[in-house]
$ cat entry_39.cif   # mmCIF, C-alpha atoms
data_query
#
loop_
_atom_site.group_PDB
_atom_site.id
_atom_site.type_symbol
_atom_site.label_atom_id
_atom_site.label_comp_id
_atom_site.auth_asym_id
_atom_site.auth_seq_id
_atom_site.Cartn_x
_atom_site.Cartn_y
_atom_site.Cartn_z
ATOM 1 C CA MET A 990 -23.795 -14.055 -13.334
ATOM 2 C CA ILE A 991 -20.435 -12.407 -13.868
ATOM 3 C CA ILE A 992 -18.183 -13.377 -16.766
ATOM 4 C CA GLN A 993 -14.657 -12.015 -17.035
ATOM 5 C CA GLY A 994 -12.215 -12.580 -19.837
ATOM 6 C CA GLU A 995 -9.733 -11.143 -22.288
ATOM 7 C CA PHE A 996 -9.802 -11.143 -26.080
ATOM 8 C CA LEU A 997 -7.381 -9.446 -28.513
ATOM 9 C CA GLY A 998 -5.837 -7.430 -25.669
ATOM 10 C CA VAL A 999 -9.198 -6.173 -24.398
ATOM 11 C CA ARG A 1000 -10.353 -7.226 -20.940
ATOM 12 C CA TYR A 1001 -14.074 -7.481 -20.348
ATOM 13 C CA GLN A 1002 -16.546 -8.088 -17.549
ATOM 14 C CA PHE A 1003 -20.180 -8.934 -18.194
ATOM 15 C CA THR A 1004 -22.748 -8.675 -15.420
ATOM 16 C CA GLY A 1005 -26.226 -9.992 -16.158
ATOM 17 C CA ASN A 1006 -27.744 -13.127 -17.631
ATOM 18 C CA GLU A 1007 -28.720 -14.556 -20.993
ATOM 19 C CA GLU A 1008 -32.460 -14.227 -20.327
ATOM 20 C CA LYS A 1009 -32.417 -10.484 -19.530
ATOM 21 C CA GLY A 1010 -29.093 -9.284 -20.926
ATOM 22 C CA GLY A 1011 -26.766 -7.047 -18.966
ATOM 23 C CA LEU A 1012 -23.842 -4.654 -18.978
ATOM 24 C CA CYS A 1013 -20.369 -5.377 -20.308
ATOM 25 C CA ILE A 1014 -17.390 -3.179 -19.472
ATOM 26 C CA LEU A 1015 -14.525 -3.281 -21.987
ATOM 27 C CA ILE A 1016 -11.036 -2.156 -20.935
ATOM 28 C CA GLY A 1017 -8.544 -1.674 -23.760
ATOM 29 C CA GLU A 1018 -4.741 -1.793 -23.610
ATOM 30 C CA SER A 1019 -4.623 1.989 -23.187
ATOM 31 C CA LEU A 1020 -7.080 1.626 -20.262
ATOM 32 C CA GLN A 1021 -9.839 3.151 -22.381
ATOM 33 C CA LEU A 1022 -13.247 2.128 -21.044
ATOM 34 C CA ASP A 1023 -16.268 1.286 -23.158
ATOM 35 C CA ARG A 1024 -19.694 0.179 -21.966
ATOM 36 C CA LEU A 1025 -21.701 -2.270 -23.975
ATOM 37 C CA MET A 1026 -25.361 -2.873 -23.154
ATOM 38 C CA ILE A 1027 -26.296 -6.395 -24.163
ATOM 39 C CA HIS A 1028 -29.983 -7.189 -24.606
ATOM 40 C CA SER A 1029 -31.568 -10.626 -24.412
ATOM 41 C CA ASP A 1030 -32.408 -10.377 -28.144
ATOM 42 C CA ASP A 1031 -28.656 -10.102 -28.845
ATOM 43 C CA LEU A 1032 -28.117 -13.460 -27.150
ATOM 44 C CA LYS A 1033 -30.744 -15.503 -28.977
ATOM 45 C CA LEU A 1034 -28.307 -16.695 -31.665
ATOM 46 C CA MET A 1035 -25.045 -16.934 -29.674
ATOM 47 C CA ASP A 1036 -23.671 -17.138 -26.154
ATOM 48 C CA VAL A 1037 -22.461 -14.112 -24.183
ATOM 49 C CA VAL A 1038 -18.733 -14.695 -24.732
ATOM 50 C CA THR A 1039 -19.102 -15.115 -28.504
ATOM 51 C CA PHE A 1040 -21.239 -11.960 -28.696
ATOM 52 C CA ILE A 1041 -18.675 -9.932 -26.707
ATOM 53 C CA GLU A 1042 -15.750 -11.223 -28.781
ATOM 54 C CA ASN A 1043 -17.583 -10.371 -32.014
ATOM 55 C CA LYS A 1044 -18.229 -6.833 -30.720
ATOM 56 C CA ILE A 1045 -14.555 -6.408 -29.753
ATOM 57 C CA GLU A 1046 -13.488 -7.441 -33.274
ATOM 58 C CA GLU A 1047 -16.057 -5.047 -34.769
ATOM 59 C CA ILE A 1048 -14.844 -2.143 -32.603
ATOM 60 C CA GLN A 1049 -11.191 -2.835 -33.451
ATOM 61 C CA ARG A 1050 -11.954 -3.006 -37.187
ATOM 62 C CA LYS A 1051 -13.829 0.296 -36.957
ATOM 63 C CA ASN A 1052 -10.948 1.923 -35.051
ATOM 64 C CA ASP A 1053 -8.436 0.703 -37.655
ATOM 65 C CA ILE A 1054 -10.502 2.307 -40.423
ATOM 66 C CA ASP A 1055 -10.921 5.608 -38.540
ATOM 67 C CA ILE A 1056 -7.165 6.133 -38.028
#
$ encode --input "entry_39.cif" --output "structure tokens"
Amino acid sequence: MIIQGEFLGVRYQFTGNEEKGGLCILIGESLQLDRLMIHSDDLKLMDVVTFIENKIEEIQRKNDIDI
């Protein structure tokens, strides 16, 4: 399955499934690319979209602290 979306100015595309996990590409406003490997264990407690949105928030918080 392929899931595309946008959250907090970050576009994402996930390719994979909830049973095996997959790869998520994150594209920020400055066109910076990040790859996020998502494992099936990551998806036991939440759906793919919620997991990706939580990771985007975590990355943005970390970047705010590093500046």
$ closest_residue --input "entry_39.cif" --among "A:Gly994, A:Phe1040, A:Arg1000, A:Met1026" --to "Cys1013 (chain A)" --atoms "only C-alpha atoms"
A:Met1026
$ closest_residue --input "entry_39.cif" --among "A:Val1037, A:Gly1017, A:Ser1029, A:Asn1052" --to "Ile991 (chain A)" --atoms "all atoms listed in the file"
A:Val1037
$ closest_residue --input "entry_39.cif" --among "A:Arg1050, A:Ile992, A:Asn1006, A:Leu1025" --to "Val1038 (chain A)" --atoms "all atoms listed in the file"
A:Ile992
$ residues_around --input "entry_39.cif" --residues "Ile1014 (chain A)" --least-positions-apart "4" --cutoff "12 Å" --atoms "all atoms listed in the file" --output "list in words"
Ile991, Ile992, Gln993, Gly994, Glu995, Val999, Arg1000, Tyr1001, Gln1002, Phe1003, Thr1004, Gly1005, Leu1020, Gln1021, Leu1022, Asp1023, Arg1024, Leu1025, Met1026, Ile1027, Ile1041, Lys1044 and Ile1045 of chain A
$ resolve_selection --input "entry_39.cif" --expression "the PyMOL selection byres ((chain A and resi 1030) around 10)" --output "ChimeraX atom specification"
/A:1007-1010,1027-1029,1031-1035
$ atom_distance --input "entry_39.cif" --atom1 "CA of Phe996 (chain A)" --atom2 "CA of Leu1012 (chain A)"
17.0 Å
$ decode --input "entry_39.cif" --residues "region 1009-1046 of chain A" --atoms "N, CA and C atoms" --output "PDB file, in the first residue's frame"
ATOM      1  N   LYS A1009       4.261  -5.865   7.767  1.00  0.00           N
ATOM      2  CA  LYS A1009       5.709  -5.985   7.554  1.00  0.00           C
ATOM      3  C   LYS A1009       6.467  -4.679   7.738  1.00  0.00           C
ATOM      4  N   GLY A1010       5.742  -3.555   7.817  1.00  0.00           N
ATOM      5  CA  GLY A1010       6.410  -2.266   7.890  1.00  0.00           C
ATOM      6  C   GLY A1010       6.736  -1.761   6.499  1.00  0.00           C
ATOM      7  N   GLY A1011       7.610  -0.777   6.412  1.00  0.00           N
ATOM      8  CA  GLY A1011       7.969  -0.242   5.109  1.00  0.00           C
ATOM      9  C   GLY A1011       8.846   0.988   5.228  1.00  0.00           C
ATOM     10  N   LEU A1012       8.913   1.729   4.143  1.00  0.00           N
ATOM     11  CA  LEU A1012       9.769   2.905   4.044  1.00  0.00           C
ATOM     12  C   LEU A1012       8.900   4.147   3.910  1.00  0.00           C
ATOM     13  N   CYS A1013       9.255   5.177   4.654  1.00  0.00           N
ATOM     14  CA  CYS A1013       8.555   6.456   4.562  1.00  0.00           C
ATOM     15  C   CYS A1013       9.568   7.525   4.165  1.00  0.00           C
ATOM     16  N   ILE A1014       9.242   8.280   3.136  1.00  0.00           N
ATOM     17  CA  ILE A1014      10.069   9.397   2.700  1.00  0.00           C
ATOM     18  C   ILE A1014       9.412  10.677   3.205  1.00  0.00           C
ATOM     19  N   LEU A1015      10.177  11.501   3.903  1.00  0.00           N
ATOM     20  CA  LEU A1015       9.694  12.784   4.412  1.00  0.00           C
ATOM     21  C   LEU A1015      10.338  13.897   3.596  1.00  0.00           C
ATOM     22  N   ILE A1016       9.538  14.858   3.145  1.00  0.00           N
ATOM     23  CA  ILE A1016      10.043  15.989   2.374  1.00  0.00           C
ATOM     24  C   ILE A1016       9.627  17.261   3.093  1.00  0.00           C
ATOM     25  N   GLY A1017      10.610  17.970   3.647  1.00  0.00           N
ATOM     26  CA  GLY A1017      10.340  19.194   4.389  1.00  0.00           C
ATOM     27  C   GLY A1017      10.123  20.388   3.481  1.00  0.00           C
ATOM     28  N   GLU A1018       9.768  21.529   4.082  1.00  0.00           N
ATOM     29  CA  GLU A1018       9.505  22.751   3.319  1.00  0.00           C
ATOM     30  C   GLU A1018      10.723  23.199   2.526  1.00  0.00           C
ATOM     31  N   SER A1019      11.912  22.943   3.035  1.00  0.00           N
ATOM     32  CA  SER A1019      13.138  23.323   2.332  1.00  0.00           C
ATOM     33  C   SER A1019      13.590  22.226   1.373  1.00  0.00           C
ATOM     34  N   LEU A1020      12.694  21.290   1.074  1.00  0.00           N
ATOM     35  CA  LEU A1020      12.942  20.143   0.195  1.00  0.00           C
ATOM     36  C   LEU A1020      14.005  19.201   0.742  1.00  0.00           C
ATOM     37  N   GLN A1021      14.250  19.268   2.033  1.00  0.00           N
ATOM     38  CA  GLN A1021      15.157  18.323   2.686  1.00  0.00           C
ATOM     39  C   GLN A1021      14.465  16.961   2.754  1.00  0.00           C
ATOM     40  N   LEU A1022      15.195  15.923   2.396  1.00  0.00           N
ATOM     41  CA  LEU A1022      14.651  14.566   2.403  1.00  0.00           C
ATOM     42  C   LEU A1022      15.134  13.802   3.623  1.00  0.00           C
ATOM     43  N   ASP A1023      14.249  13.059   4.221  1.00  0.00           N
ATOM     44  CA  ASP A1023      14.599  12.136   5.299  1.00  0.00           C
ATOM     45  C   ASP A1023      13.927  10.810   4.995  1.00  0.00           C
ATOM     46  N   ARG A1024      14.614   9.725   5.316  1.00  0.00           N
ATOM     47  CA  ARG A1024      14.030   8.389   5.171  1.00  0.00           C
ATOM     48  C   ARG A1024      13.750   7.844   6.552  1.00  0.00           C
ATOM     49  N   LEU A1025      12.632   7.209   6.678  1.00  0.00           N
ATOM     50  CA  LEU A1025      12.209   6.650   7.950  1.00  0.00           C
ATOM     51  C   LEU A1025      11.791   5.200   7.715  1.00  0.00           C
ATOM     52  N   MET A1026      12.580   4.273   8.245  1.00  0.00           N
ATOM     53  CA  MET A1026      12.213   2.857   8.161  1.00  0.00           C
ATOM     54  C   MET A1026      11.213   2.574   9.270  1.00  0.00           C
ATOM     55  N   ILE A1027      10.085   2.020   8.904  1.00  0.00           N
ATOM     56  CA  ILE A1027       9.045   1.706   9.874  1.00  0.00           C
ATOM     57  C   ILE A1027       8.909   0.193   9.938  1.00  0.00           C
ATOM     58  N   HIS A1028       9.068  -0.353  11.130  1.00  0.00           N
ATOM     59  CA  HIS A1028       8.993  -1.801  11.329  1.00  0.00           C
ATOM     60  C   HIS A1028       7.603  -2.184  11.821  1.00  0.00           C
ATOM     61  N   SER A1029       7.239  -3.425  11.617  1.00  0.00           N
ATOM     62  CA  SER A1029       5.907  -3.882  12.039  1.00  0.00           C
ATOM     63  C   SER A1029       5.713  -3.704  13.545  1.00  0.00           C
ATOM     64  N   ASP A1030       6.785  -3.845  14.332  1.00  0.00           N
ATOM     65  CA  ASP A1030       6.683  -3.636  15.785  1.00  0.00           C
ATOM     66  C   ASP A1030       6.268  -2.202  16.113  1.00  0.00           C
ATOM     67  N   ASP A1031       6.694  -1.240  15.272  1.00  0.00           N
ATOM     68  CA  ASP A1031       6.330   0.162  15.484  1.00  0.00           C
ATOM     69  C   ASP A1031       4.828   0.381  15.327  1.00  0.00           C
ATOM     70  N   LEU A1032       4.179  -0.497  14.570  1.00  0.00           N
ATOM     71  CA  LEU A1032       2.776  -0.293  14.217  1.00  0.00           C
ATOM     72  C   LEU A1032       1.819  -1.141  15.035  1.00  0.00           C
ATOM     73  N   LYS A1033       2.324  -1.778  16.088  1.00  0.00           N
ATOM     74  CA  LYS A1033       1.448  -2.608  16.917  1.00  0.00           C
ATOM     75  C   LYS A1033       0.499  -1.774  17.763  1.00  0.00           C
ATOM     76  N   LEU A1034       0.917  -0.573  18.171  1.00  0.00           N
ATOM     77  CA  LEU A1034       0.104   0.254  19.060  1.00  0.00           C
ATOM     78  C   LEU A1034      -0.646   1.378  18.347  1.00  0.00           C
ATOM     79  N   MET A1035      -0.281   1.682  17.086  1.00  0.00           N
ATOM     80  CA  MET A1035      -0.933   2.782  16.377  1.00  0.00           C
ATOM     81  C   MET A1035      -0.872   2.546  14.880  1.00  0.00           C
ATOM     82  N   ASP A1036      -1.720   3.258  14.147  1.00  0.00           N
ATOM     83  CA  ASP A1036      -1.742   3.108  12.695  1.00  0.00           C
ATOM     84  C   ASP A1036      -0.565   3.859  12.066  1.00  0.00           C
ATOM     85  N   VAL A1037      -0.353   3.626  10.779  1.00  0.00           N
ATOM     86  CA  VAL A1037       0.794   4.187  10.066  1.00  0.00           C
ATOM     87  C   VAL A1037       0.794   5.715  10.112  1.00  0.00           C
ATOM     88  N   VAL A1038      -0.345   6.326   9.818  1.00  0.00           N
ATOM     89  CA  VAL A1038      -0.410   7.791   9.751  1.00  0.00           C
ATOM     90  C   VAL A1038      -0.092   8.413  11.108  1.00  0.00           C
ATOM     91  N   THR A1039      -0.653   7.872  12.172  1.00  0.00           N
ATOM     92  CA  THR A1039      -0.370   8.394  13.515  1.00  0.00           C
ATOM     93  C   THR A1039       1.106   8.247  13.848  1.00  0.00           C
ATOM     94  N   PHE A1040       1.704   7.114  13.510  1.00  0.00           N
ATOM     95  CA  PHE A1040       3.127   6.893  13.770  1.00  0.00           C
ATOM     96  C   PHE A1040       3.970   7.928  13.024  1.00  0.00           C
ATOM     97  N   ILE A1041       3.673   8.145  11.739  1.00  0.00           N
ATOM     98  CA  ILE A1041       4.436   9.102  10.932  1.00  0.00           C
ATOM     99  C   ILE A1041       4.282  10.516  11.495  1.00  0.00           C
ATOM    100  N   GLU A1042       3.062  10.903  11.841  1.00  0.00           N
ATOM    101  CA  GLU A1042       2.843  12.247  12.380  1.00  0.00           C
ATOM    102  C   GLU A1042       3.557  12.437  13.711  1.00  0.00           C
ATOM    103  N   ASN A1043       3.591  11.423  14.548  1.00  0.00           N
ATOM    104  CA  ASN A1043       4.341  11.505  15.807  1.00  0.00           C
ATOM    105  C   ASN A1043       5.830  11.680  15.541  1.00  0.00           C
ATOM    106  N   LYS A1044       6.362  10.956  14.554  1.00  0.00           N
ATOM    107  CA  LYS A1044       7.788  11.079  14.212  1.00  0.00           C
ATOM    108  C   LYS A1044       8.102  12.470  13.670  1.00  0.00           C
ATOM    109  N   ILE A1045       7.213  13.026  12.842  1.00  0.00           N
ATOM    110  CA  ILE A1045       7.427  14.376  12.312  1.00  0.00           C
ATOM    111  C   ILE A1045       7.481  15.387  13.454  1.00  0.00           C
ATOM    112  N   GLU A1046       6.555  15.289  14.404  1.00  0.00           N
ATOM    113  CA  GLU A1046       6.576  16.183  15.570  1.00  0.00           C
ATOM    114  C   GLU A1046       7.867  16.020  16.357  1.00  0.00           C
TER     115      GLU A1046
END
